[in-house]
>>> print(open('upload-v4.txt').read())   # compact mmCIF, C-alpha atoms and all ligand atoms
# COMPACT_ATOMS: atom_id res chain seq x y z
CA MET H 561 246.11 -113.03 27.03
CA SER H 562 244.34 -109.70 27.20
CA ASP H 563 243.33 -107.87 24.01
CA GLU H 564 246.08 -105.40 24.68
CA ALA H 565 248.72 -108.04 25.22
CA ALA H 566 247.61 -109.73 22.01
CA ALA H 567 247.80 -106.44 20.15
CA ILE H 568 251.30 -105.79 21.49
CA ALA H 569 252.49 -109.24 20.47
CA ALA H 570 251.02 -108.86 17.00
CA ALA H 571 252.45 -105.36 16.61
CA GLN H 572 255.87 -106.62 17.67
CA ALA H 573 255.55 -109.23 14.95
CA GLY H 574 255.08 -106.41 12.43
CA ASP H 575 251.31 -106.07 12.27
CA GLN H 576 250.56 -102.38 11.82
CA ASP H 577 246.85 -102.84 12.31
CA ALA H 578 247.55 -104.26 15.73
CA PHE H 579 249.57 -101.19 16.58
CA ARG H 580 246.61 -99.13 15.54
CA VAL H 581 244.60 -100.73 18.35
CA LEU H 582 247.20 -99.52 20.84
CA VAL H 583 247.19 -96.04 19.36
CA GLU H 584 243.42 -95.83 19.56
CA LEU H 585 243.43 -97.12 23.13
CA HIS H 586 245.97 -94.69 24.49
CA SER H 587 246.09 -91.55 22.37
CA ARG H 588 243.59 -89.60 24.43
CA SER H 589 245.40 -90.15 27.68
CA VAL H 590 248.77 -89.46 26.07
CA PHE H 591 247.31 -86.20 24.76
CA ARG H 592 246.13 -85.24 28.24
CA LEU H 593 249.54 -85.95 29.68
CA ALA H 594 251.27 -84.10 26.86
CA TYR H 595 249.00 -81.09 27.22
CA ARG H 596 249.64 -80.88 30.91
CA MET H 597 253.33 -81.22 30.31
CA THR H 598 253.62 -78.64 27.57
CA GLY H 599 250.63 -76.43 28.31
CA ASN H 600 250.15 -75.99 24.61
CA GLU H 601 247.76 -77.73 22.26
CA GLN H 602 249.97 -77.81 19.19
CA ASP H 603 252.95 -79.05 21.18
CA ALA H 604 250.76 -81.68 22.78
CA GLU H 605 249.71 -82.93 19.33
CA ASP H 606 253.35 -83.11 18.31
CA VAL H 607 254.13 -85.08 21.42
CA VAL H 608 251.32 -87.57 20.78
CA GLN H 609 252.48 -88.11 17.24
CA GLU H 610 256.13 -88.43 18.09
CA ALA H 611 255.54 -90.61 21.14
CA PHE H 612 253.65 -93.23 19.15
CA LEU H 613 256.15 -93.08 16.32
CA ARG H 614 258.99 -93.67 18.77
CA ALA H 615 257.01 -96.37 20.49
CA TYR H 616 256.52 -98.12 17.19
CA LYS H 617 260.20 -97.97 16.33
CA GLN H 618 261.19 -99.20 19.77
CA LEU H 619 258.47 -101.77 20.09
CA HIS H 620 260.91 -104.65 20.02
CA ARG H 621 262.40 -103.23 23.20
CA TYR H 622 259.14 -103.17 25.07
CA GLU H 623 258.87 -105.82 27.74
CA ASN H 624 255.79 -106.61 29.70
CA ARG H 625 257.28 -105.42 32.99
CA ALA H 626 255.55 -102.08 32.76
CA SER H 627 252.10 -101.64 31.28
CA PHE H 628 252.06 -100.39 27.72
CA ALA H 629 250.45 -97.18 28.98
CA THR H 630 253.29 -96.50 31.41
CA TRP H 631 255.81 -97.26 28.73
CA VAL H 632 254.31 -94.91 26.18
CA TYR H 633 253.87 -92.26 28.92
CA ARG H 634 257.56 -92.45 29.58
CA ILE H 635 258.28 -91.85 25.93
CA ALA H 636 255.77 -88.99 25.79
CA ALA H 637 257.05 -87.41 28.99
CA ASN H 638 260.64 -87.56 27.79
CA TYR H 639 259.78 -86.07 24.46
CA SER H 640 257.76 -83.35 26.20
CA LEU H 641 260.86 -82.53 28.21
CA ASP H 642 262.93 -82.28 25.04
CA LEU H 643 260.35 -80.00 23.56
CA ILE H 644 260.13 -77.79 26.63
CA ARG H 645 263.92 -77.65 26.89
CA SER H 646 264.13 -76.39 23.37
CA ARG H 647 261.86 -73.52 24.31
CA LYS H 648 262.43 -70.63 26.57
CA THR H 649 261.52 -71.69 30.07
CA VAL H 650 259.74 -69.39 32.42
CA GLU H 651 261.36 -69.09 35.81
CA SER H 652 259.22 -69.33 38.87
CA ASP H 653 260.26 -65.83 39.96
CA THR H 654 258.76 -64.49 36.79
CA ILE H 655 255.46 -66.12 37.62
CA LEU H 656 255.33 -64.59 41.05
CA GLU H 657 256.28 -61.26 39.59
CA HIS H 658 253.61 -61.58 36.99
CA LEU H 659 251.06 -62.28 39.66
CA ARG H 660 252.17 -59.29 41.66
CA GLU H 661 252.27 -57.02 38.63
CA SER H 662 248.88 -58.07 37.41
CA GLY H 663 247.62 -56.27 40.52
CA ALA H 664 244.33 -58.03 40.27
CA GLY H 665 242.82 -59.39 43.44
CA PRO H 666 241.64 -62.96 43.57
CA ASP H 667 238.03 -62.03 42.88
CA ARG H 668 238.87 -60.10 39.81
CA LEU H 669 241.14 -62.82 38.55
CA TYR H 670 238.40 -65.33 38.97
CA VAL H 671 235.64 -63.22 37.55
CA SER H 672 237.68 -62.09 34.58
CA GLY H 673 238.42 -65.66 33.67
CA LYS H 674 242.12 -65.25 34.29
CA MET H 675 242.19 -68.17 36.67
CA GLN H 676 243.10 -70.54 33.89
CA GLU H 677 246.00 -68.37 32.91
CA THR H 678 247.18 -68.15 36.49
CA LEU H 679 247.11 -71.90 36.84
CA ASP H 680 248.90 -72.41 33.56
CA ARG H 681 251.58 -69.97 34.60
CA ALA H 682 251.97 -71.62 37.95
CA LEU H 683 252.65 -74.90 36.18
CA GLU H 684 255.03 -73.20 33.80
CA GLY H 685 257.06 -72.09 36.79
CA LEU H 686 258.10 -75.64 37.56
CA SER H 687 261.33 -77.12 36.33
CA GLN H 688 260.92 -79.81 33.70
CA GLN H 689 261.50 -82.66 36.06
CA GLU H 690 259.26 -81.14 38.70
CA ARG H 691 256.52 -80.67 36.20
CA THR H 692 256.71 -84.20 34.86
CA ALA H 693 256.79 -85.72 38.30
CA PHE H 694 253.94 -83.55 39.49
CA VAL H 695 251.75 -84.08 36.42
CA LEU H 696 252.19 -87.82 36.70
CA ARG H 697 251.43 -87.83 40.42
CA HIS H 698 248.60 -85.33 40.52
CA PHE H 699 246.80 -85.78 37.22
CA GLU H 700 247.73 -89.28 36.19
CA GLY H 701 247.62 -90.87 39.62
CA GLN H 702 250.98 -92.58 39.26
CA SER H 703 252.80 -93.54 42.42
CA ILE H 704 256.18 -92.07 43.32
CA ASP H 705 257.67 -95.46 42.55
CA GLU H 706 256.23 -95.48 39.05
CA ILE H 707 257.26 -91.88 38.45
CA GLY H 708 260.84 -92.75 39.32
CA GLY H 709 260.60 -95.44 36.66
CA VAL H 710 259.17 -93.10 34.04
CA LEU H 711 261.81 -90.44 34.67
CA GLY H 712 264.63 -92.89 35.15
CA ILE H 713 265.47 -91.40 38.53
CA GLY H 714 265.51 -92.80 42.04
CA ASN H 715 262.57 -92.88 44.36
CA ASN H 716 263.98 -90.09 46.50
CA ALA H 717 264.64 -87.79 43.59
CA ALA H 718 261.10 -88.35 42.31
CA LYS H 719 259.68 -87.62 45.74
CA HIS H 720 261.65 -84.42 46.12
CA SER H 721 260.65 -83.24 42.66
CA ILE H 722 257.06 -83.52 43.77
CA PHE H 723 257.72 -81.74 47.05
CA ARG H 724 259.42 -78.87 45.28
CA ALA H 725 256.65 -78.70 42.71
CA VAL H 726 253.97 -78.49 45.38
CA GLN H 727 255.90 -75.86 47.30
CA LYS H 728 256.27 -73.70 44.21
CA LEU H 729 252.64 -74.14 43.31
CA ARG H 730 251.55 -73.25 46.80
CA LYS H 731 253.53 -70.04 46.65
CA ALA H 732 252.08 -69.17 43.29
CA LEU H 733 248.53 -70.20 43.98
CA THR H 734 247.66 -69.96 47.64
CA PRO H 735 246.30 -66.42 47.42
CA TRP H 736 243.77 -67.66 44.89
CA ALA H 737 243.13 -71.19 45.99
CA SER H 738 240.28 -70.30 48.30
CA VAL H 739 238.43 -68.57 45.49
CA THR H 740 238.37 -71.54 43.19
CA THR H 741 236.96 -74.04 45.58
CA THR H 742 234.25 -72.09 47.32
CA MET Y 80 246.85 -92.10 69.44
CA MET Y 81 248.17 -88.63 68.79
CA MET Y 82 251.41 -87.95 66.96
CA THR Y 83 253.77 -86.11 69.19
CA THR Y 84 255.15 -83.97 66.37
CA HIS Y 85 253.09 -82.08 63.84
CA PRO Y 86 253.48 -83.43 60.30
CA ASN Y 87 255.48 -81.24 57.96
CA GLU Y 88 254.37 -80.22 54.49
CA GLU Y 89 256.16 -83.11 52.87
CA GLU Y 90 254.37 -85.63 55.02
CA MET Y 91 251.10 -83.91 54.27
CA ILE Y 92 251.78 -84.13 50.55
CA LEU Y 93 252.47 -87.85 50.85
CA HIS Y 94 249.28 -88.20 52.86
CA TYR Y 95 247.22 -86.25 50.35
CA TYR Y 96 248.33 -88.55 47.56
CA GLY Y 97 247.92 -91.69 49.63
CA GLU Y 98 251.56 -92.65 49.28
CA PRO Y 99 252.46 -95.61 51.49
CA GLU Y 100 255.34 -93.64 53.00
CA ALA Y 101 252.99 -91.15 54.64
CA PRO Y 102 252.97 -91.47 58.44
CA SER Y 103 250.19 -93.83 59.39
CA THR Y 104 249.21 -91.70 62.38
CA ILE Y 105 248.57 -88.57 60.34
CA ASP Y 106 244.82 -89.11 60.03
CA ALA Y 107 244.42 -89.29 63.78
CA HIS Y 108 246.60 -86.25 64.20
CA LEU Y 109 244.58 -84.19 61.77
CA ARG Y 110 241.45 -85.09 63.67
CA ASP Y 111 242.92 -83.88 66.92
CA CYS Y 112 245.05 -80.92 65.89
CA GLY Y 113 243.16 -77.92 64.54
CA ASP Y 114 246.27 -76.09 63.30
CA CYS Y 115 247.47 -78.99 61.23
CA ARG Y 116 243.97 -79.62 59.97
CA GLN Y 117 243.85 -76.06 58.69
CA ARG Y 118 247.23 -76.39 57.01
CA PHE Y 119 246.18 -79.63 55.40
CA GLU Y 120 242.91 -78.13 54.19
CA ALA Y 121 244.79 -75.22 52.65
CA LEU Y 122 247.08 -77.65 50.87
CA ARG Y 123 244.15 -79.71 49.68
CA ARG Y 124 242.32 -76.65 48.34
CA MET Y 125 245.43 -75.48 46.55
CA LEU Y 126 245.98 -78.86 44.90
CA GLU Y 127 242.33 -79.21 43.99
CA SER Y 128 242.34 -75.78 42.40
CA LEU Y 129 244.71 -77.29 39.85
CA ASP Y 130 242.01 -79.66 38.74
CA THR Y 131 240.29 -76.72 37.12
CA VAL Y 132 243.10 -76.59 34.56
CA ARG Y 133 241.28 -77.30 31.37
CA VAL Y 134 242.59 -79.80 28.89
CA PRO Y 135 241.19 -79.15 25.42
CA GLU Y 136 238.61 -81.71 24.40
CA ARG Y 137 239.45 -84.38 21.91
CA GLY Y 138 236.58 -85.92 19.99
CA PRO Y 139 235.57 -89.57 20.07
CA MET Y 140 237.45 -90.16 16.82
CA TYR Y 141 240.71 -88.79 18.16
CA GLY Y 142 242.39 -92.19 18.30
CA ALA Y 143 241.57 -92.80 14.65
CA GLU Y 144 242.80 -89.35 13.70
CA VAL Y 145 246.12 -89.92 15.44
CA TRP Y 146 246.44 -93.24 13.72
CA ASN Y 147 245.68 -91.79 10.31
CA ARG Y 148 248.37 -89.18 10.74
CA LEU Y 149 250.77 -91.72 12.13
CA ARG Y 150 250.32 -94.52 9.69
CA PRO Y 151 252.09 -92.98 6.70
CA GLN Y 152 255.08 -92.23 8.90
CA LEU Y 153 255.56 -95.74 10.16
CA PRO Y 154 258.57 -97.47 8.71
CA ARG Y 155 257.65 -100.40 6.52
CA THR Y 156 258.58 -103.65 8.11
CA ALA Y 157 260.44 -105.98 5.82
CA ALA Y 158 257.92 -108.77 5.80
CA LYS Y 159 254.80 -106.80 5.46
CA VAL Y 160 253.59 -104.43 2.87
CA SER Y 161 250.46 -103.48 4.65
CA LYS Y 162 247.39 -105.24 3.42
CA ALA Y 163 244.13 -103.38 3.08
CA PRO Y 164 243.57 -102.02 6.56
CA VAL Y 165 240.90 -103.62 8.65
CA MET Y 166 240.00 -100.35 10.29
CA SER Y 167 236.42 -100.11 11.17
CA TRP Y 168 234.68 -98.07 8.55
CA LYS Y 169 233.41 -95.83 11.30
CA SER Y 170 236.91 -94.42 11.64
CA TRP Y 171 236.66 -93.18 8.10
CA GLY Y 172 234.01 -90.71 9.02
CA ALA Y 173 236.71 -88.93 10.96
CA VAL Y 174 239.12 -89.20 8.09
CA ALA Y 175 236.60 -87.67 5.80
CA ALA Y 176 235.90 -84.89 8.22
CA MET Y 177 239.55 -84.15 8.67
CA LEU Y 178 240.40 -84.36 5.03
CA THR Y 179 237.30 -83.10 3.33
CA VAL Y 180 239.39 -81.41 0.71
CA GLY Y 181 241.54 -84.39 0.04
CA VAL Y 182 238.62 -86.67 -0.51
CA SER Y 183 237.36 -84.87 -3.51
CA GLY Y 184 240.86 -84.08 -4.69
CA TYR Y 185 241.50 -87.76 -4.77
CA TYR Y 186 238.77 -89.18 -6.84
CA MET Y 187 238.03 -86.14 -8.88
CA GLY Y 188 241.40 -85.66 -10.41
CA LYS Y 189 239.92 -84.16 -13.51
CA TYR Y 190 239.13 -81.07 -11.51
CA SER Y 191 242.78 -80.52 -10.83
CA ASN Y 192 242.50 -76.96 -12.04
CA VAL Y 193 239.95 -76.14 -9.37
CA ALA Y 194 241.76 -74.69 -6.40
CA PRO Y 195 240.73 -76.74 -3.41
CA ALA Y 196 239.12 -74.71 -0.68
CA VAL Y 197 241.69 -75.54 1.94
CA THR Y 198 241.02 -73.81 5.22
CA PRO Y 199 244.13 -72.53 6.98
CA GLU Y 200 243.56 -75.13 9.65
CA VAL Y 201 243.41 -78.00 7.20
CA ALA Y 202 246.41 -76.63 5.41
CA LYS Y 203 248.32 -76.61 8.66
CA THR Y 204 247.31 -80.16 9.36
CA LEU Y 205 248.42 -81.34 6.00
CA ALA Y 206 251.61 -79.30 6.23
CA SER Y 207 252.43 -80.28 2.65
CA ASN Y 208 254.22 -83.28 4.01
CA GLU Y 209 254.79 -85.53 1.06
CA GLN Y 210 254.89 -88.68 3.06
CA PHE Y 211 251.70 -87.64 4.72
CA GLU Y 212 250.19 -86.81 1.38
CA ARG Y 213 250.89 -90.28 0.02
CA GLY Y 214 249.50 -91.92 3.10
CA ARG Y 215 246.48 -89.70 2.97
CA GLN Y 216 245.76 -90.79 -0.57
CA ARG Y 217 245.92 -94.45 0.34
CA VAL Y 218 243.74 -93.85 3.32
CA LEU Y 219 241.13 -92.02 1.29
CA LEU Y 220 241.13 -94.57 -1.43
CA VAL Y 221 240.35 -97.29 1.01
CA ALA Y 222 237.82 -95.11 2.80
CA LEU Y 223 235.83 -94.39 -0.32
CA THR Y 224 235.94 -97.89 -1.66
CA ASP Y 225 234.88 -99.15 1.70
CA HIS Y 226 232.02 -96.72 1.92
CA PHE Y 227 230.66 -97.53 -1.50
CA GLU Y 228 231.12 -101.23 -1.03
CA LYS Y 229 229.16 -101.23 2.18
CA SER Y 230 226.40 -99.17 0.66
CA ARG Y 231 226.21 -101.48 -2.32
CA MET Y 232 225.99 -104.49 -0.02
CA ILE Y 233 223.00 -103.07 1.78
CA LEU Y 234 221.20 -102.43 -1.47
CA ALA Y 235 222.07 -105.88 -2.76
CA GLU Y 236 220.86 -107.52 0.41
CA LEU Y 237 217.58 -105.70 0.23
CA SER Y 238 217.14 -106.61 -3.40
CA ASN Y 239 217.75 -110.25 -2.67
CA ALA Y 240 215.75 -110.56 0.53
CA THR Y 241 212.80 -112.89 0.34
CA PRO Y 242 209.53 -111.88 1.94
CA GLY Y 243 208.52 -114.23 4.75
CA ALA Y 244 205.50 -116.41 4.24
CA ALA Y 245 203.86 -115.06 7.36
CA GLY Y 246 204.12 -111.60 5.92
CA GLY Y 247 206.77 -109.08 6.77
CA VAL Y 248 210.50 -108.86 6.29
CA ASP Y 249 213.06 -108.23 8.96
CA ILE Y 250 215.39 -105.53 7.69
CA SER Y 251 216.71 -104.42 11.08
CA TYR Y 252 220.30 -105.21 10.09
CA GLU Y 253 220.22 -103.28 6.82
CA ARG Y 254 218.43 -100.48 8.57
CA GLU Y 255 221.13 -100.14 11.19
CA GLU Y 256 223.91 -100.31 8.62
CA ALA Y 257 222.23 -97.67 6.53
CA SER Y 258 221.91 -95.23 9.39
CA ASP Y 259 225.54 -95.83 10.29
CA LEU Y 260 226.64 -95.03 6.75
CA LEU Y 261 224.62 -91.86 6.51
CA GLU Y 262 227.07 -89.71 8.38
CA SER Y 263 230.09 -90.50 6.27
CA ASN Y 264 228.00 -90.31 3.15
CA ARG Y 265 227.12 -86.73 4.02
CA LEU Y 266 230.76 -85.84 4.46
CA TYR Y 267 231.72 -87.30 1.12
CA ARG Y 268 228.84 -85.55 -0.59
CA GLN Y 269 229.86 -82.22 0.92
CA ALA Y 270 233.38 -82.82 -0.29
CA ALA Y 271 232.15 -83.53 -3.79
CA LEU Y 272 230.01 -80.42 -3.82
CA GLN Y 273 232.83 -78.32 -2.51
CA GLN Y 274 234.94 -79.57 -5.36
CA GLY Y 275 232.23 -79.02 -7.94
CA ASP Y 276 232.08 -82.66 -8.96
CA THR Y 277 228.40 -82.88 -9.76
CA GLN Y 278 228.58 -86.46 -10.96
CA ALA Y 279 229.92 -87.74 -7.67
CA ALA Y 280 227.72 -85.40 -5.69
CA THR Y 281 224.63 -86.62 -7.52
CA LEU Y 282 225.47 -90.24 -6.92
CA LEU Y 283 226.18 -89.58 -3.27
CA ASP Y 284 223.00 -87.59 -3.03
CA ASP Y 285 220.94 -90.45 -4.49
CA LEU Y 286 222.69 -92.84 -2.20
CA GLU Y 287 222.00 -90.65 0.77
CA ARG Y 288 218.30 -90.52 0.07
CA MET Y 289 218.22 -94.26 -0.31
CA LEU Y 290 220.13 -94.80 2.91
CA LEU Y 291 217.87 -92.36 4.66
CA GLU Y 292 214.83 -94.17 3.43
CA VAL Y 293 216.15 -97.53 4.54
CA ALA Y 294 217.20 -96.13 7.89
CA HIS Y 295 213.72 -94.76 8.47
CA THR Y 296 211.79 -97.84 7.44
CA SER Y 297 210.53 -99.86 10.38
CA PRO Y 298 212.76 -102.82 11.22
CA LYS Y 299 210.02 -105.20 10.26
CA VAL Y 300 208.12 -104.19 7.16
CA GLY Y 301 205.04 -105.71 5.58
CA ASN Y 302 205.47 -107.61 2.32
CA ASP Y 303 203.85 -104.90 0.23
CA GLU Y 304 205.85 -102.10 1.72
CA PHE Y 305 209.02 -104.10 1.30
CA GLU Y 306 208.20 -104.81 -2.32
CA GLU Y 307 207.82 -101.07 -2.92
CA LEU Y 308 211.14 -100.33 -1.28
CA ARG Y 309 212.83 -102.97 -3.36
CA GLN Y 310 211.28 -101.59 -6.51
CA ARG Y 311 212.53 -98.09 -5.75
CA ILE Y 312 216.05 -99.36 -5.23
CA LYS Y 313 215.84 -101.23 -8.50
CA ASP Y 314 214.37 -98.25 -10.38
CA ARG Y 315 217.15 -95.97 -9.32
CA GLY Y 316 219.75 -98.46 -10.48
CA LEU Y 317 221.82 -97.39 -7.55
CA ALA Y 318 223.58 -100.67 -6.90
CA PHE Y 319 224.88 -100.64 -10.45
CA LYS Y 320 225.91 -96.97 -10.42
CA VAL Y 321 227.74 -97.48 -7.18
CA ARG Y 322 229.56 -100.46 -8.59
CA VAL Y 323 230.68 -98.50 -11.62
CA PHE Y 324 231.91 -95.73 -9.42
CA THR Y 325 233.76 -98.12 -7.15
CA SER Y 326 235.64 -99.71 -10.01
CA ARG Y 327 236.58 -96.25 -11.21
CA ILE Y 328 238.14 -95.56 -7.84
CA GLU Y 329 239.84 -98.90 -7.77
CA ASP Y 330 241.41 -98.26 -11.15
CA MET Y 331 242.79 -95.01 -9.85
CA GLY Y 332 244.32 -96.84 -6.94
CA LYS Y 333 246.35 -98.94 -9.34
CA ALA Y 334 248.06 -95.86 -10.70
CA PRO Y 335 251.55 -95.36 -9.26
CA ALA Y 336 251.67 -93.18 -6.19
CA ASN Y 337 252.05 -89.56 -7.07
CA THR Y 338 254.34 -87.70 -4.76
CA SER Y 339 253.23 -84.20 -5.55
CA LYS Y 340 249.64 -83.11 -5.30
CA GLY Y 341 246.98 -85.73 -5.18
CA ASN Y 342 244.96 -83.76 -7.68
CA ASN Y 343 246.97 -84.68 -10.73
CA ARG Y 344 246.29 -88.30 -10.68
CA LEU Y 345 243.99 -88.85 -13.58
ZN ZN A 801 249.39 -80.65 64.57
>>> encode(input="upload-v4.txt", output="structure tokens")
Amino acid sequence: MSDEAAAIAAAQAGDQDAFRVLVELHSRSVFRLAYRMTGNEQDAEDVVQEAFLRAYKQLHRYENRASFATWVYRIAANYSLDLIRSRKTVESDTILEHLRESGAGPDRLYVSGKMQETLDRALEGLSQQERTAFVLRHFEGQSIDEIGGVLGIGNNAAKHSIFRAVQKLRKALTPWASVTTT
Amino acid sequence: MMMTTHPNEEEMILHYYGEPEAPSTIDAHLRDCGDCRQRFEALRRMLESLDTVRVPERGPMYGAEVWNRLRPQLPRTAAKVSKAPVMSWKSWGAVAAMLTVGVSGYYMGKYSNVAPAVTPEVAKTLASNEQFERGRQRVLLVALTDHFEKSRMILAELSNATPGAAGGVDISYEREEASDLLESNRLYRQAALQQGDTQAATLLDDLERMLLEVAHTSPKVGNDEFEELRQRIKDRGLAFKVRVFTSRIEDMGKAPANTSKGNNRL
């Protein structure tokens, strides 16, 4: 039995200190995921906190079919979606408009340090499901299969969420992409 | 073998991510077809530009911080009223850093009239959550007791060590422990100072100097040098003072949990 498996078993038996091991193992990666999902540090902290709290309460339902990381990601991603849903969402049109209105050429955007903002906004232009699917695929390296599992949707739906996400991002970012990588 | 049709964007996306569904011939096609290669490169650059999205850094103690915030919120399981946590004492450095104000507020209840210098950020973190407050107090109690206990152990070990016949004493263990404890000791001392508790600050200050001295002694010291070190520890009566202080804290811990401000506990 791995250390993690032992910790899960002990935590399921009610050992809080064992759960602590799991929290310490995974909180950084859950934070990264949450930040990329919400684009906001405070929200990301809320997600981390809530995800582990929910995980703890649902621990008896965890089965070893998925890794603990995938399981807690699913909880974090779902809570991120709830959080985003409760906020005003930015439509992709608005992003494109913003980019047009900003009137700044790629060089100026880059030099003025606005690149980060542009990227953030591009991600904000995705629908919730698109964003989750894309974040998990691009940043977390999860396969389309796994993403379907996390989101509770079919393989095809997961795949098309990613396609749509990439298409939207391309539209929002292509004018600048060459600047960032050269 | 060249693909007869040019891959579409979706196929390129699958290929970029190495998904098994991507057409197996796409690599060969990209080698042979300049147009598609250009399209794929543009896609790749666009996706890679996303990797510049910065995620704010989280320190090495982040896991412990999350746990410390989480712990008071966890529902008690029927069987288990949590025993003294077996968290590594190193985690407590982070606790102390995060809760500098609370530390002194906890064991220096007599200064309850001194307004704690809560920074807006700390205040936000604490969010006057009562449940959190209670958990925080437990956490700090254990943290302080743990810190003092470990310090006392080092001093006791040094006092009881016997010089080797061949000359020289190996204190590498105590030395390492001492240097590990220094960091949290500093945090607690700062907290005490901030709170104006000179008694605690003085003790922590003495302790810090002692720890510093031990940490900076060579791992293997000559008999004479060791004897001097031991004498200094004895002269300062630190082990005893620390023990008195620890029992003071422990007594406080036996008081019923206060749900309002941790400062009113004594
Ligand atoms: Zn082609």
>>> closest_residue(input="upload-v4.txt", among="Y:Arg309, Y:His94, Y:His108, Y:Lys320", to="ligand ZN 801 (chain A)", atoms="only C-alpha atoms and all ligand atoms")
Y:His108
>>> atom_distance(input="upload-v4.txt", atom1="CA of Tyr595 in chain H", atom2="CA of Glu610 in chain H")
13.7 Å
>>> residues_near_ligand(input="upload-v4.txt", ligand="ligand ZN 801 (chain A)", cutoff="12 Å", atoms="all atoms listed in the file", output="JSON, numbers by chain")
{"Y": [81, 82, 83, 84, 85, 86, 87, 88, 90, 91, 104, 105, 106, 107, 108, 109, 110, 111, 112, 113, 114, 115, 116, 117, 118, 119]}
>>> atom_distance(input="upload-v4.txt", atom1="CA of Arg645 in chain H", atom2="CA of Leu149 in chain Y")
24.3 Å
>>> atom_distance(input="upload-v4.txt", atom1="CA of Leu643 in chain H", atom2="CA of Ala611 in chain H")
11.9 Å
>>> closest_residue(input="upload-v4.txt", among="H:Lys617, H:Arg724, H:His698, H:Lys731", to="Glu127 in chain Y", atoms="only C-alpha atoms")
H:His698
>>> closest_residue(input="upload-v4.txt", among="H:Gln576, H:Ser703, H:Gln727, H:Asn638", to="Ala682 in chain H", atoms="all atoms listed in the file")
H:Gln727
>>> closest_residue(input="upload-v4.txt", among="H:Ala732, H:Leu641, H:Val583, H:Val710", to="chain Y", atoms="all atoms listed in the file")
H:Val583
>>> residues_around(input="upload-v4.txt", residues="range 323-327 of chain Y", least_positions_apart="4", cutoff="8 Å", atoms="all atoms listed in the file", output="list of chain:residue names")
Y:Thr224, Y:Phe227, Y:Glu228, Y:Phe319, Y:Met331
>>> closest_residue(input="upload-v4.txt", among="Y:Thr296, Y:Gln310, Y:Thr277, Y:Gln152", to="Arg614 in chain H", atoms="only C-alpha atoms")
Y:Gln152
>>> closest_residue(input="upload-v4.txt", among="Y:Val132, Y:Ala235, Y:Val293, Y:Ala143", to="Arg592 in chain H", atoms="all atoms listed in the file")
Y:Val132
